file run_18.txt (compact mmCIF, N, CA and C atoms)
# COMPACT_ATOMS: atom_id res chain seq x y z
N MET A 1 0.84 -1.17 0.00
CA MET A 1 0.00 0.00 0.00
C MET A 1 0.89 1.24 0.00
N PRO A 2 0.67 2.18 -0.87
CA PRO A 2 1.51 3.37 -0.89
C PRO A 2 1.32 4.20 0.37
N THR A 3 2.38 4.84 0.79
CA THR A 3 2.29 5.68 1.96
C THR A 3 1.85 7.07 1.55
N LEU A 4 1.39 7.84 2.53
CA LEU A 4 1.01 9.21 2.27
C LEU A 4 2.20 9.98 1.74
N LYS A 5 3.37 9.72 2.32
CA LYS A 5 4.60 10.38 1.88
C LYS A 5 4.90 10.01 0.42
N GLY A 6 4.70 8.74 0.07
CA GLY A 6 4.93 8.29 -1.30
C GLY A 6 4.00 8.97 -2.27
N ASN A 7 2.72 9.15 -1.87
CA ASN A 7 1.76 9.83 -2.73
C ASN A 7 2.17 11.27 -2.96
N LEU A 8 2.64 11.92 -1.92
CA LEU A 8 3.09 13.30 -2.04
C LEU A 8 4.29 13.38 -2.98
N GLU A 9 5.21 12.45 -2.83
CA GLU A 9 6.38 12.43 -3.72
C GLU A 9 5.96 12.21 -5.17
N GLU A 10 4.98 11.35 -5.38
CA GLU A 10 4.51 11.08 -6.74
C GLU A 10 3.87 12.33 -7.34
N LEU A 11 3.08 13.03 -6.53
CA LEU A 11 2.46 14.26 -7.02
C LEU A 11 3.51 15.31 -7.34
N ARG A 12 4.55 15.39 -6.52
CA ARG A 12 5.63 16.33 -6.81
C ARG A 12 6.32 15.98 -8.13
N ALA A 13 6.52 14.70 -8.35
CA ALA A 13 7.16 14.25 -9.59
C ALA A 13 6.30 14.60 -10.80
N ILE A 14 5.01 14.40 -10.70
CA ILE A 14 4.10 14.72 -11.80
C ILE A 14 4.10 16.23 -12.05
N LYS A 15 4.08 17.00 -10.97
CA LYS A 15 4.12 18.46 -11.12
C LYS A 15 5.41 18.89 -11.80
N LEU A 16 6.50 18.28 -11.39
CA LEU A 16 7.79 18.60 -11.99
C LEU A 16 7.78 18.36 -13.49
N LEU A 17 7.16 17.28 -13.89
CA LEU A 17 7.08 16.95 -15.32
C LEU A 17 6.19 17.91 -16.09
N THR A 18 5.14 18.37 -15.46
CA THR A 18 4.14 19.15 -16.20
C THR A 18 4.26 20.65 -15.99
N ASP A 19 5.20 21.11 -15.18
CA ASP A 19 5.33 22.53 -14.89
C ASP A 19 5.45 23.40 -16.13
N ASP A 20 6.26 22.96 -17.07
CA ASP A 20 6.50 23.83 -18.23
C ASP A 20 5.84 23.31 -19.51
N VAL A 21 4.85 22.45 -19.34
CA VAL A 21 4.13 21.93 -20.50
C VAL A 21 2.97 22.87 -20.81
N GLU A 22 2.90 23.29 -22.06
CA GLU A 22 1.81 24.16 -22.49
C GLU A 22 0.65 23.31 -22.98
N ASP A 23 -0.51 23.94 -23.11
CA ASP A 23 -1.70 23.21 -23.55
C ASP A 23 -1.51 22.59 -24.92
N GLU A 24 -0.88 23.29 -25.82
CA GLU A 24 -0.65 22.77 -27.16
C GLU A 24 0.86 22.58 -27.36
N THR A 25 1.22 21.44 -27.83
CA THR A 25 2.63 21.16 -28.08
C THR A 25 3.02 21.76 -29.41
N VAL A 26 4.05 22.59 -29.38
CA VAL A 26 4.54 23.24 -30.59
C VAL A 26 6.01 22.86 -30.74
N ILE A 27 6.39 22.47 -31.92
CA ILE A 27 7.79 22.13 -32.17
C ILE A 27 8.53 23.42 -32.49
N ASP A 28 9.45 23.77 -31.60
CA ASP A 28 10.25 24.97 -31.78
C ASP A 28 11.62 24.57 -32.29
N SER A 29 12.37 25.55 -32.62
CA SER A 29 13.71 25.26 -33.11
C SER A 29 14.75 26.00 -32.29
N GLY A 30 15.96 25.53 -32.41
CA GLY A 30 17.11 26.21 -31.83
C GLY A 30 17.13 26.27 -30.32
N PRO A 31 17.36 27.48 -29.80
CA PRO A 31 17.56 27.64 -28.35
C PRO A 31 16.38 27.15 -27.50
N ILE A 32 15.18 27.28 -28.01
CA ILE A 32 14.00 26.84 -27.24
C ILE A 32 14.03 25.33 -27.05
N ILE A 33 14.36 24.60 -28.12
CA ILE A 33 14.45 23.14 -28.00
C ILE A 33 15.60 22.76 -27.07
N ASP A 34 16.72 23.46 -27.18
CA ASP A 34 17.86 23.18 -26.30
C ASP A 34 17.48 23.40 -24.83
N ALA A 35 16.74 24.48 -24.59
CA ALA A 35 16.31 24.76 -23.22
C ALA A 35 15.37 23.66 -22.72
N ARG A 36 14.46 23.24 -23.59
CA ARG A 36 13.51 22.16 -23.23
C ARG A 36 14.27 20.86 -22.96
N ILE A 37 15.25 20.54 -23.78
CA ILE A 37 16.06 19.33 -23.58
C ILE A 37 16.80 19.42 -22.25
N GLY A 38 17.36 20.58 -21.97
CA GLY A 38 18.05 20.78 -20.69
C GLY A 38 17.11 20.59 -19.52
N SER A 39 15.91 21.13 -19.64
CA SER A 39 14.91 21.00 -18.58
C SER A 39 14.53 19.53 -18.37
N ILE A 40 14.33 18.82 -19.46
CA ILE A 40 13.96 17.40 -19.36
C ILE A 40 15.10 16.59 -18.76
N LYS A 41 16.33 16.90 -19.13
CA LYS A 41 17.48 16.19 -18.56
C LYS A 41 17.56 16.38 -17.04
N LYS A 42 17.30 17.62 -16.60
CA LYS A 42 17.29 17.89 -15.16
C LYS A 42 16.20 17.07 -14.46
N LYS A 43 15.05 16.99 -15.11
CA LYS A 43 13.94 16.23 -14.54
C LYS A 43 14.28 14.73 -14.48
N ILE A 44 14.97 14.25 -15.49
CA ILE A 44 15.37 12.84 -15.49
C ILE A 44 16.31 12.56 -14.32
N VAL A 45 17.26 13.47 -14.10
CA VAL A 45 18.19 13.31 -12.97
C VAL A 45 17.39 13.31 -11.66
N THR A 46 16.43 14.23 -11.56
CA THR A 46 15.60 14.29 -10.35
C THR A 46 14.84 12.98 -10.14
N PHE A 47 14.29 12.42 -11.21
CA PHE A 47 13.56 11.15 -11.10
C PHE A 47 14.48 10.00 -10.73
N ILE A 48 15.68 9.99 -11.27
CA ILE A 48 16.63 8.93 -10.92
C ILE A 48 16.95 9.00 -9.43
N GLU A 49 17.17 10.21 -8.92
CA GLU A 49 17.43 10.37 -7.49
C GLU A 49 16.21 9.94 -6.66
N TYR A 50 15.03 10.30 -7.13
CA TYR A 50 13.79 9.93 -6.46
C TYR A 50 13.63 8.40 -6.41
N ILE A 51 13.92 7.74 -7.51
CA ILE A 51 13.82 6.28 -7.57
C ILE A 51 14.82 5.65 -6.61
N LYS A 52 16.04 6.16 -6.58
CA LYS A 52 17.05 5.64 -5.64
C LYS A 52 16.56 5.79 -4.21
N LYS A 53 15.99 6.94 -3.90
CA LYS A 53 15.48 7.20 -2.55
C LYS A 53 14.36 6.22 -2.20
N ILE A 54 13.43 6.03 -3.12
CA ILE A 54 12.31 5.13 -2.88
C ILE A 54 12.80 3.70 -2.65
N LYS A 55 13.79 3.28 -3.40
CA LYS A 55 14.28 1.91 -3.27
C LYS A 55 14.95 1.65 -1.94
N ASN A 56 15.27 2.71 -1.20
CA ASN A 56 15.86 2.57 0.13
C ASN A 56 14.82 2.67 1.23
N GLU A 57 13.53 2.67 0.86
CA GLU A 57 12.44 2.76 1.83
C GLU A 57 11.56 1.51 1.74
N PHE A 58 10.84 1.27 2.84
CA PHE A 58 9.87 0.18 2.88
C PHE A 58 8.83 0.42 1.79
N PRO A 59 8.42 -0.56 1.07
CA PRO A 59 8.62 -2.00 1.17
C PRO A 59 9.80 -2.52 0.35
N PHE A 60 10.48 -1.64 -0.37
CA PHE A 60 11.58 -2.09 -1.22
C PHE A 60 12.75 -2.65 -0.42
N THR A 61 12.87 -2.23 0.85
CA THR A 61 13.97 -2.71 1.68
C THR A 61 13.82 -4.18 2.05
N ILE A 62 12.63 -4.74 1.90
CA ILE A 62 12.43 -6.15 2.23
C ILE A 62 12.25 -7.02 0.99
N GLU A 63 12.42 -6.42 -0.16
CA GLU A 63 12.18 -7.14 -1.42
C GLU A 63 12.97 -8.44 -1.52
N LYS A 64 14.23 -8.42 -1.15
CA LYS A 64 15.08 -9.61 -1.29
C LYS A 64 14.70 -10.70 -0.28
N ASP A 65 14.05 -10.32 0.82
CA ASP A 65 13.73 -11.28 1.88
C ASP A 65 12.29 -11.80 1.83
N ILE A 66 11.43 -11.13 1.11
CA ILE A 66 9.99 -11.42 1.19
C ILE A 66 9.63 -12.84 0.74
N ASP A 67 10.43 -13.45 -0.11
CA ASP A 67 10.15 -14.82 -0.55
C ASP A 67 10.76 -15.87 0.37
N ASP A 68 11.52 -15.44 1.36
CA ASP A 68 12.16 -16.36 2.32
C ASP A 68 11.17 -16.63 3.46
N ARG A 69 10.59 -17.82 3.45
CA ARG A 69 9.56 -18.16 4.45
C ARG A 69 10.08 -18.05 5.88
N SER A 70 11.31 -18.43 6.08
CA SER A 70 11.91 -18.36 7.41
C SER A 70 12.01 -16.90 7.87
N TRP A 71 12.46 -16.04 7.00
CA TRP A 71 12.58 -14.62 7.33
C TRP A 71 11.21 -14.03 7.66
N VAL A 72 10.22 -14.37 6.84
CA VAL A 72 8.85 -13.87 7.07
C VAL A 72 8.32 -14.39 8.40
N ALA A 73 8.55 -15.65 8.70
CA ALA A 73 8.09 -16.23 9.97
C ALA A 73 8.75 -15.52 11.15
N ASN A 74 10.05 -15.25 11.03
CA ASN A 74 10.75 -14.54 12.11
C ASN A 74 10.19 -13.13 12.30
N LYS A 75 9.95 -12.44 11.19
CA LYS A 75 9.38 -11.08 11.27
C LYS A 75 7.99 -11.11 11.90
N ASN A 76 7.18 -12.08 11.48
CA ASN A 76 5.85 -12.21 12.07
C ASN A 76 5.94 -12.47 13.56
N SER A 77 6.87 -13.31 13.96
CA SER A 77 7.07 -13.61 15.38
C SER A 77 7.48 -12.35 16.14
N GLU A 78 8.39 -11.58 15.57
CA GLU A 78 8.82 -10.33 16.21
C GLU A 78 7.63 -9.38 16.39
N ILE A 79 6.83 -9.26 15.36
CA ILE A 79 5.68 -8.36 15.41
C ILE A 79 4.67 -8.83 16.44
N LEU A 80 4.42 -10.13 16.49
CA LEU A 80 3.47 -10.67 17.47
C LEU A 80 3.96 -10.45 18.90
N LYS A 81 5.29 -10.56 19.12
CA LYS A 81 5.85 -10.30 20.44
C LYS A 81 5.67 -8.83 20.83
N LYS A 82 5.87 -7.93 19.86
CA LYS A 82 5.68 -6.51 20.13
C LYS A 82 4.22 -6.21 20.46
N ILE A 83 3.32 -6.85 19.73
CA ILE A 83 1.88 -6.67 19.99
C ILE A 83 1.54 -7.16 21.39
N GLU A 84 2.09 -8.32 21.76
CA GLU A 84 1.84 -8.86 23.08
C GLU A 84 2.34 -7.92 24.17
N LYS A 85 3.53 -7.36 23.99
CA LYS A 85 4.07 -6.40 24.97
C LYS A 85 3.18 -5.16 25.07
N LEU A 86 2.72 -4.69 23.92
CA LEU A 86 1.84 -3.52 23.92
C LEU A 86 0.51 -3.82 24.62
N ASN A 87 -0.01 -5.01 24.39
CA ASN A 87 -1.26 -5.39 25.08
C ASN A 87 -1.05 -5.51 26.58
N ASP A 88 0.10 -6.06 27.00
CA ASP A 88 0.42 -6.14 28.43
C ASP A 88 0.50 -4.73 29.03
N LYS A 89 1.16 -3.82 28.35
CA LYS A 89 1.28 -2.44 28.82
C LYS A 89 -0.09 -1.78 28.89
N LYS A 90 -0.92 -2.07 27.90
CA LYS A 90 -2.28 -1.51 27.90
C LYS A 90 -3.06 -1.99 29.12
N GLU A 91 -2.94 -3.29 29.44
CA GLU A 91 -3.63 -3.85 30.61
C GLU A 91 -3.12 -3.20 31.90
N GLU A 92 -1.79 -3.01 31.99
CA GLU A 92 -1.23 -2.35 33.17
C GLU A 92 -1.78 -0.94 33.33
N LEU A 93 -1.81 -0.20 32.24
CA LEU A 93 -2.32 1.17 32.28
C LEU A 93 -3.81 1.21 32.60
N GLN A 94 -4.56 0.23 32.09
CA GLN A 94 -5.99 0.18 32.39
C GLN A 94 -6.20 -0.07 33.88
N LYS A 95 -5.36 -0.92 34.50
CA LYS A 95 -5.46 -1.17 35.94
C LYS A 95 -5.17 0.10 36.73
N VAL A 96 -4.18 0.87 36.28
CA VAL A 96 -3.87 2.14 36.96
C VAL A 96 -5.05 3.09 36.85
N ILE A 97 -5.64 3.18 35.66
CA ILE A 97 -6.80 4.04 35.46
C ILE A 97 -7.95 3.60 36.34
N ASP A 98 -8.22 2.30 36.37
CA ASP A 98 -9.31 1.77 37.20
C ASP A 98 -9.07 2.08 38.67
N ARG A 99 -7.82 1.90 39.12
CA ARG A 99 -7.48 2.16 40.53
C ARG A 99 -7.68 3.64 40.85
N LEU A 100 -7.26 4.53 39.96
CA LEU A 100 -7.44 5.96 40.18
C LEU A 100 -8.91 6.35 40.20
N LEU A 101 -9.69 5.74 39.32
CA LEU A 101 -11.13 6.02 39.31
C LEU A 101 -11.79 5.57 40.60
N LEU A 102 -11.40 4.38 41.08
CA LEU A 102 -11.96 3.87 42.32
C LEU A 102 -11.57 4.75 43.51
N GLN A 103 -10.35 5.25 43.52
CA GLN A 103 -9.91 6.14 44.60
C GLN A 103 -10.74 7.42 44.60
N ASN A 104 -11.05 7.94 43.45
CA ASN A 104 -11.83 9.17 43.36
C ASN A 104 -13.28 8.95 43.74
N ILE A 105 -13.78 7.74 43.53
CA ILE A 105 -15.16 7.43 43.91
C ILE A 105 -15.27 7.31 45.43
N ASP A 106 -14.27 6.73 46.08
CA ASP A 106 -14.30 6.51 47.53
C ASP A 106 -14.06 7.78 48.33
N VAL A 107 -13.46 8.79 47.77
CA VAL A 107 -13.15 10.01 48.50
C VAL A 107 -14.33 10.97 48.39
N PRO A 108 -14.92 11.36 49.52
CA PRO A 108 -16.04 12.29 49.44
C PRO A 108 -15.55 13.70 49.05
N ASP A 109 -16.40 14.43 48.40
CA ASP A 109 -16.07 15.82 48.05
C ASP A 109 -15.97 16.66 49.31
N PRO A 110 -15.09 17.65 49.32
CA PRO A 110 -15.01 18.54 50.49
C PRO A 110 -16.36 19.22 50.74
N GLY A 111 -16.72 19.31 51.99
CA GLY A 111 -17.97 20.00 52.36
C GLY A 111 -19.18 19.09 52.36
N THR A 112 -19.01 17.77 52.06
CA THR A 112 -20.15 16.87 52.09
C THR A 112 -20.15 16.13 53.41
N VAL A 113 -21.29 15.69 53.84
CA VAL A 113 -21.44 14.98 55.09
C VAL A 113 -21.61 13.50 54.79
N ASN A 114 -20.87 12.66 55.54
CA ASN A 114 -20.99 11.21 55.35
C ASN A 114 -22.08 10.63 56.18

call {"tool": "encode", "arguments": {"input": "run_18.txt", "output": "structure tokens"}}
result
Amino acid sequence: MPTLKGNLEELRAIKLLTDDVEDETVIDSGPIIDARIGSIKKKIVTFIEYIKKIKNEFPFTIEKDIDDRSWVANKNSEILKKIEKLNDKKEELQKVIDRLLLQNIDVPDPGTVN
């Protein structure tokens, strides 16, 4: 699934390509074509850098390992352990919240008669 950051990068790339495109394509000669070629070359370099950057981010960083069942099983195990720890922490925090709520229920408000 593409990330929000990836979508933003894709939109930037599309904008970069279309910034200097006019509604009607006209074949010019001489310096105008040279300028357009220079602009396109710069955009190509930008895209190459963008592609290199993307290939160093998830999910491309796991591409070589994704077909390795053992690697996938280990990753799944790691994730399940993290989930279990988070659930344990959630239970601990819920107990603290419950204890604090009970303490506030047992304490009468100032100025009330028991």

call {"tool": "residues_around", "arguments": {"input": "run_18.txt", "residues": "region 49-66 of chain A", "least_positions_apart": "3", "cutoff": "9 Å", "atoms": "only C-alpha atoms", "output": "ChimeraX atom specification"}}
result
/A:1,6,9,13,44-46,69,71-72

call {"tool": "atom_distance", "arguments": {"input": "run_18.txt", "atom1": "atom C of Ser77 (chain A)", "atom2": "CA of Gln94 (chain A)"}}
result
24.5 Å

call {"tool": "atom_distance", "arguments": {"input": "run_18.txt", "atom1": "CA of Ile14 (chain A)", "atom2": "CA of Lys43 (chain A)"}}
result
10.3 Å

call {"tool": "atom_distance", "arguments": {"input": "run_18.txt", "atom1": "atom N of Glu78 (chain A)", "atom2": "atom N of Leu93 (chain A)"}}
result
22.6 Å

call {"tool": "select_by_dssp", "arguments": {"input": "run_18.txt", "residues": "region 2-95 of chain A", "states": "helix (DSSP H, G or I)", "output": "ChimeraX atom specification"}}
result
/A:4-18,31-55,60-62,69-95
